[in-house]
Amino acid sequence: MIPDRALHAPVLRARPTIAHLDADAFFAAVEQHQRPSLRGRPVLVGGVGPRSVVATASYEARQYGARSAMPMEQARRLCPSSTIVVVPRFAAYSAYSDRIMTALREVTDLVEPVSIDEAFADLGAATRPQTDLHELARTIRERARELSGLPVSIGLGRSKLVAKLASEAAKPGGVRVVDADEEDAFLLDLPVRALWGVGPVSAARLDGLGVRTVADLRRQPLDTLLMVAGEAGGTNLYRIARGWDDRPVTTVRERKSAGAEHTFDTDLHGRAAIAAALDPVVDAALARLERHAAAARTVVVKVRLASFTTLTRSVTLSRPTTDESALRDAAHRALRLAEVTEPVRLLGVAFHGLSEHAQLMLPLGPGLPDLPDAAVTQEQAGVPHDVDAVPAAPPVTGPIRATAATVAPGLDVETAADGRGWVVRVGDDGRVAARFETARTGPGYQRWIDPNSEHLTLVEPLGPDGEPIHRMHDEESEGRGD
């Protein structure tokens with residue numbers, strides 16, 4: 001039976017004082033800000049291996065059809081040869097994220113980071129009835145650009161639902177304020193897939209009923225939606241089709257899970273090989289669990305087959321534990337429960353039961369060490385992305401001699417003669433093409449370097465202020481945006 005409250009509109013605030021800020025094409029925007037030669041060019045941020053995916057595509061790359069979560073090889077085929085591919089540098093992104101969030105926190109303490117590049121803010125206590133909300137939103141946007149150098153989009157609504165949809169409508173770099181009397185006109189023409197909680201499966205089922213827009217969804221009786229999506233899902237569809245969302249902005253986001261995934265360059269064959277490959281993934285997941293001083297009760301193993309079928313199996317212990325042997329054993333038991341008989345392309349391990357809120361997954365790339373936290377924006381809240389993990393740049397704690405084996409496109413490097421630059425590509429002969437430039441210098445020059453005969457150093461990324469990001473800063477900022 002559906003609770004009576006689900007059939008009645010909640011009492012929402014009178015004015016659109018919930019803000020949603022979203023940094024546009026965030027990872028790519030940071031790269032273009034720091035590397036002037038990339039401005040105006042297609043940029044793909046993600047892994048460089050044969051099975052890597054795109055974490056972020058710049059707007060220039062999107063014009064050719066590239067998008068987040070697309071296989072990198074497909075994106076590269078779509079984009080012109082001038083496209084630049086770089087690995088993610090989460091230390092840099094975290095520093096830029098801090099600056100962007102500061103623009104909100106200068107206005108209100110009620111800021112809820114949703115991920116590294118987006119946040120909600122409650123502006124109610126910071127405004128008066130006569131406050132021009134359009135002007136306030138523009139002020140926040142300009143302040144974020146002043147602090148970070150990056151464009152952001154801001155949406156204001158009476159609810160989180162409308163605020164997030166408004167920021168999406170404002171992209172790129174705009175402001176959209178949806179007043180109470182505009183909500184229906186704003187919502188009804190949107191595709192139903194734009195709503196939170198409407199994933200590909202739900203959208204396909206709704207499409208079978210002829211439901212393609214929010215207006216179509218609003219016309220559906222509650223009983224129909226319950227049959228399509230179940231009690232909780234159907235009730236949610238009924239409510240969001242009417243813009244009913246009274247969730248408050250919360251400033252504390254606790255971890256719900258910790259884990260790791262690994263996509264293999266070649267498929268794994270045979271249970272013994274698959275079981276052996278699970279252990280490094282468990283090691284990475286345990287390291288993350290230990291870092292956050294958490295105990296886990298449920299262990300979930302994710303197996304993606306060569307056919308792209310994904311299997312998940314879980315083992316729940318009698319009580320939460322930090323015992324590594326018990327958690328590793330549970331992971332192997334969960335793998336056995338999957339009864340894998342086909343080749344495997346990806347393995348993942350997640351420890352659950354840690355808290356009540358946001359998920360955390362560690363992108364684990366081939367041959368790369370443990371990395372700082374990084375949350376990838378979820379286009380549909382509550383609908384986790386199901387994409388291969390993205391390898392990321394290894395953390396650099398000080399100058400390290402670069403070799404062909406330790407560099408990757410996008411990493412920060414330096415020579416005594418040239419100063420700071422970044423890796424453009426690594427040649428088959430082990431030489432490194434580096435372009436020497438920063439946001440302060442303007443577009444720089446590129447030259448080939450043989451690390452065996454010339455000293456090339458891996459260095460820390462730069463922050464928005466042009467100063468090196470130190471490891472201490474990374475550790476302090478690590479939990480934000482999950």
# chains A, B, ... in the order shown; residues from 1 in each chain; ligands from 1

call {"tool": "residues_around", "arguments": {"residues": "Thr321 (chain A)", "least_positions_apart": "4", "cutoff": "9 Å", "atoms": "only C-alpha atoms", "output": "list in words"}}
result
Ala294, Ala295, Ala296, Arg297, Leu317, Ala326 and Leu327 of chain A

call {"tool": "residues_around", "arguments": {"residues": "His134 (chain A)", "least_positions_apart": "3", "cutoff": "12 Å", "atoms": "only C-alpha atoms", "output": "PDB file with C-alpha atoms, in the first residue's frame"}}
result
ATOM      1  CA  ARG A  15      11.125  31.348  -3.815  1.00  0.00           C
ATOM      2  CA  PRO A  16      13.730  29.427  -5.862  1.00  0.00           C
ATOM      3  CA  THR A  17      16.524  29.638  -3.295  1.00  0.00           C
ATOM      4  CA  ALA A  19      21.048  26.489  -6.111  1.00  0.00           C
ATOM      5  CA  THR A 127      18.615  36.240   0.887  1.00  0.00           C
ATOM      6  CA  GLN A 130      13.762  41.765  -2.221  1.00  0.00           C
ATOM      7  CA  THR A 131      16.977  39.928  -3.233  1.00  0.00           C
ATOM      8  CA  ALA A 137      23.280  33.567  -9.251  1.00  0.00           C
ATOM      9  CA  ARG A 138      25.323  35.589 -11.737  1.00  0.00           C
ATOM     10  CA  THR A 139      27.490  36.900  -8.904  1.00  0.00           C
ATOM     11  CA  ILE A 140      28.236  33.367  -7.701  1.00  0.00           C
ATOM     12  CA  ARG A 141      29.012  32.262 -11.228  1.00  0.00           C
ATOM     13  CA  ILE A 154      24.055  27.640 -12.039  1.00  0.00           C
ATOM     14  CA  GLY A 155      20.399  26.710 -11.714  1.00  0.00           C
ATOM     15  CA  LEU A 156      17.987  27.943  -9.051  1.00  0.00           C
ATOM     16  CA  GLY A 157      14.725  26.294  -8.108  1.00  0.00           C
ATOM     17  CA  GLY A 174      24.869  30.189 -17.951  1.00  0.00           C
ATOM     18  CA  VAL A 175      22.312  30.923 -15.250  1.00  0.00           C
ATOM     19  CA  ARG A 176      18.706  29.668 -15.135  1.00  0.00           C
ATOM     20  CA  VAL A 177      16.260  30.624 -12.393  1.00  0.00           C
ATOM     21  CA  VAL A 178      12.928  28.779 -12.338  1.00  0.00           C
ATOM     22  CA  ASP A 179      10.271  30.613 -10.336  1.00  0.00           C
TER      23      ASP A 179
END

call {"tool": "select_by_dssp", "arguments": {"residues": "region 128-305 of chain A", "states": "alpha helix (DSSP H)", "output": "PyMOL selection string"}}
result
chain A and resi 133-148+160-170+183-188+200-208+214-218+222-240+271-291

call {"tool": "residues_around", "arguments": {"residues": "Leu147 (chain A)", "least_positions_apart": "3", "cutoff": "10 Å", "atoms": "only C-alpha atoms", "output": "short mmCIF file (atom, residue, chain, number, x, y, z; two decimals) with N, CA, C and O atoms, in the first residue's frame"}}
result
data_model
loop_
_atom_site.label_atom_id
_atom_site.label_comp_id
_atom_site.auth_asym_id
_atom_site.auth_seq_id
_atom_site.Cartn_x
_atom_site.Cartn_y
_atom_site.Cartn_z
N TYR A 96 40.96 22.68 -7.93
CA TYR A 96 40.01 23.55 -8.63
C TYR A 96 38.62 23.43 -8.01
O TYR A 96 37.89 24.43 -7.88
N ASP A 98 37.88 22.83 -4.91
CA ASP A 98 37.87 23.60 -3.67
C ASP A 98 37.58 25.07 -3.94
O ASP A 98 36.81 25.73 -3.22
N ARG A 99 38.19 25.62 -4.98
CA ARG A 99 37.97 27.03 -5.31
C ARG A 99 36.53 27.28 -5.75
O ARG A 99 35.92 28.30 -5.38
N ILE A 100 35.99 26.37 -6.53
CA ILE A 100 34.61 26.54 -7.00
C ILE A 100 33.64 26.48 -5.83
O ILE A 100 32.71 27.30 -5.72
N MET A 101 33.84 25.51 -4.93
CA MET A 101 32.96 25.39 -3.77
C MET A 101 33.07 26.62 -2.86
O MET A 101 32.10 27.00 -2.20
N THR A 102 34.23 27.25 -2.85
CA THR A 102 34.41 28.46 -2.05
C THR A 102 33.46 29.56 -2.50
O THR A 102 32.95 30.34 -1.68
N ALA A 103 33.20 29.63 -3.80
CA ALA A 103 32.28 30.65 -4.31
C ALA A 103 30.89 30.50 -3.69
O ALA A 103 30.20 31.49 -3.46
N GLU A 142 30.25 34.34 -11.50
CA GLU A 142 31.44 35.12 -11.80
C GLU A 142 32.52 34.95 -10.73
O GLU A 142 33.71 34.97 -11.03
N ARG A 143 32.09 34.78 -9.47
CA ARG A 143 33.06 34.56 -8.40
C ARG A 143 33.75 33.21 -8.59
O ARG A 143 34.97 33.09 -8.37
N ALA A 144 33.01 32.19 -8.97
CA ALA A 144 33.61 30.87 -9.23
C ALA A 144 34.63 30.97 -10.36
O ALA A 144 35.71 30.37 -10.29
N LEU A 150 37.49 28.85 -14.31
CA LEU A 150 36.67 27.93 -15.09
C LEU A 150 35.23 28.43 -15.21
O LEU A 150 34.70 29.08 -14.29
N PRO A 464 44.82 26.29 -9.28
CA PRO A 464 44.28 27.45 -10.00
C PRO A 464 45.12 28.70 -9.84
O PRO A 464 45.09 29.58 -10.70
N ASP A 465 45.87 28.79 -8.73
CA ASP A 465 46.71 29.96 -8.50
C ASP A 465 48.08 29.85 -9.17
O ASP A 465 48.91 30.75 -9.04
#

call {"tool": "select_by_dssp", "arguments": {"residues": "region 68-143 of chain A", "states": "strand (DSSP E or B)", "output": "PyMOL selection string"}}
result
chain A and resi 71+84-86+111-115+118-122

call {"tool": "closest_residue", "arguments": {"among": "A:Val426, A:Thr250, A:Ala232, A:Ser37", "to": "Gly197 (chain A)", "atoms": "only C-alpha atoms"}}
result
A:Ala232

call {"tool": "residues_around", "arguments": {"residues": "region 400-412 of chain A", "least_positions_apart": "5", "cutoff": "10 Å", "atoms": "only C-alpha atoms", "output": "PyMOL selection string"}}
result
chain A and resi 31+35+45+47-48+84-89+367-368+392-394+420-436+450-452+454-462

call {"tool": "write_last_selection", "arguments": {"atoms": "C-alpha atoms", "output": "compact mmCIF listing (two decimals), in the first residue's frame"}}
result
# COMPACT_ATOMS: atom_id res chain seq x y z
CA GLU A 31 43.25 20.81 -18.70
CA ARG A 35 47.50 24.07 -20.95
CA VAL A 45 40.24 12.97 -20.53
CA GLY A 47 42.48 6.15 -19.96
CA VAL A 48 44.89 5.47 -22.77
CA ILE A 84 44.42 15.49 -27.43
CA VAL A 85 43.97 12.59 -24.99
CA VAL A 86 45.24 12.98 -21.42
CA VAL A 87 44.93 10.90 -18.27
CA PRO A 88 42.98 12.35 -15.31
CA ARG A 89 44.91 14.34 -12.70
CA GLY A 367 50.03 -0.61 -13.36
CA LEU A 368 48.98 2.51 -11.50
CA ALA A 392 44.30 8.11 -13.57
CA ALA A 393 47.58 9.88 -13.07
CA PRO A 394 49.66 8.46 -10.22
CA ARG A 420 57.29 23.26 -16.53
CA GLY A 421 55.38 21.39 -19.17
CA TRP A 422 53.23 18.34 -19.78
CA VAL A 423 53.49 15.06 -21.64
CA VAL A 424 51.81 15.14 -25.04
CA ARG A 425 52.70 11.62 -26.11
CA VAL A 426 55.19 8.82 -25.57
CA GLY A 427 56.87 7.43 -28.67
CA ASP A 428 57.44 3.78 -29.43
CA ASP A 429 61.17 4.44 -29.09
CA GLY A 430 60.73 5.63 -25.48
CA ARG A 431 61.15 9.32 -26.27
CA VAL A 432 58.68 11.75 -24.73
CA ALA A 433 57.02 14.66 -26.51
CA ALA A 434 56.51 17.44 -23.96
CA ARG A 435 54.96 20.87 -24.39
CA PHE A 436 56.32 23.53 -22.08
CA ASP A 450 64.98 11.12 -24.53
CA PRO A 451 64.65 10.44 -20.76
CA ASN A 452 67.65 8.13 -20.93
CA GLU A 454 68.25 14.06 -20.60
CA HIS A 455 66.89 14.65 -17.12
CA LEU A 456 63.09 14.85 -17.27
CA THR A 457 61.25 15.13 -13.96
CA LEU A 458 57.68 14.26 -12.98
CA VAL A 459 56.32 17.05 -10.76
CA GLU A 460 53.19 17.94 -8.83
CA PRO A 461 50.32 19.52 -10.77
CA LEU A 462 49.63 23.21 -10.45

call {"tool": "residues_around", "arguments": {"residues": "region 336-348 of chain A", "least_positions_apart": "2", "cutoff": "7 Å", "atoms": "only C-alpha atoms", "output": "ChimeraX atom specification"}}
result
/A:260-264,266-269,278,281,301-306,311,313,332-334,350

call {"tool": "closest_residue", "arguments": {"among": "A:Asp323, A:Asp216, A:Asp189, A:Glu73", "to": "Gly46 (chain A)", "atoms": "only C-alpha atoms"}}
result
A:Glu73

call {"tool": "atom_distance", "arguments": {"atom1": "CA of Ser167 (chain A)", "atom2": "CA of Glu118 (chain A)"}}
result
10.0 Å

call {"tool": "closest_residue", "arguments": {"among": "A:Arg13, A:Arg67, A:Arg39, A:Arg76", "to": "Ser159 (chain A)", "atoms": "only C-alpha atoms"}}
result
A:Arg13

call {"tool": "atom_distance", "arguments": {"atom1": "CA of Gln32 (chain A)", "atom2": "CA of Ala439 (chain A)"}}
result
8.7 Å

call {"tool": "closest_residue", "arguments": {"among": "A:Arg271, A:Arg247, A:His20, A:Val107", "to": "Leu165 (chain A)", "atoms": "only C-alpha atoms"}}
result
A:His20

call {"tool": "atom_distance", "arguments": {"atom1": "CA of Phe186 (chain A)", "atom2": "CA of Val214 (chain A)"}}
result
9.9 Å

call {"tool": "residues_around", "arguments": {"residues": "Thr56 (chain A)", "least_positions_apart": "3", "cutoff": "12 Å", "atoms": "only C-alpha atoms", "output": "JSON, numbers by chain"}}
result
{"A": [23, 24, 25, 26, 27, 28, 29, 30, 31, 42, 43, 44, 45, 46, 47, 53, 59, 60, 61, 62, 66, 67, 68, 69, 70, 71, 72, 75, 85, 86, 87, 88, 117, 376, 377, 390]}

call {"tool": "closest_residue", "arguments": {"among": "A:Arg328, A:Arg158, A:Arg41, A:Arg288", "to": "Ala275 (chain A)", "atoms": "only C-alpha atoms"}}
result
A:Arg328

call {"tool": "closest_residue", "arguments": {"among": "A:Leu190, A:Leu78, A:Ala272, A:Leu286", "to": "Leu217 (chain A)", "atoms": "only C-alpha atoms"}}
result
A:Leu190
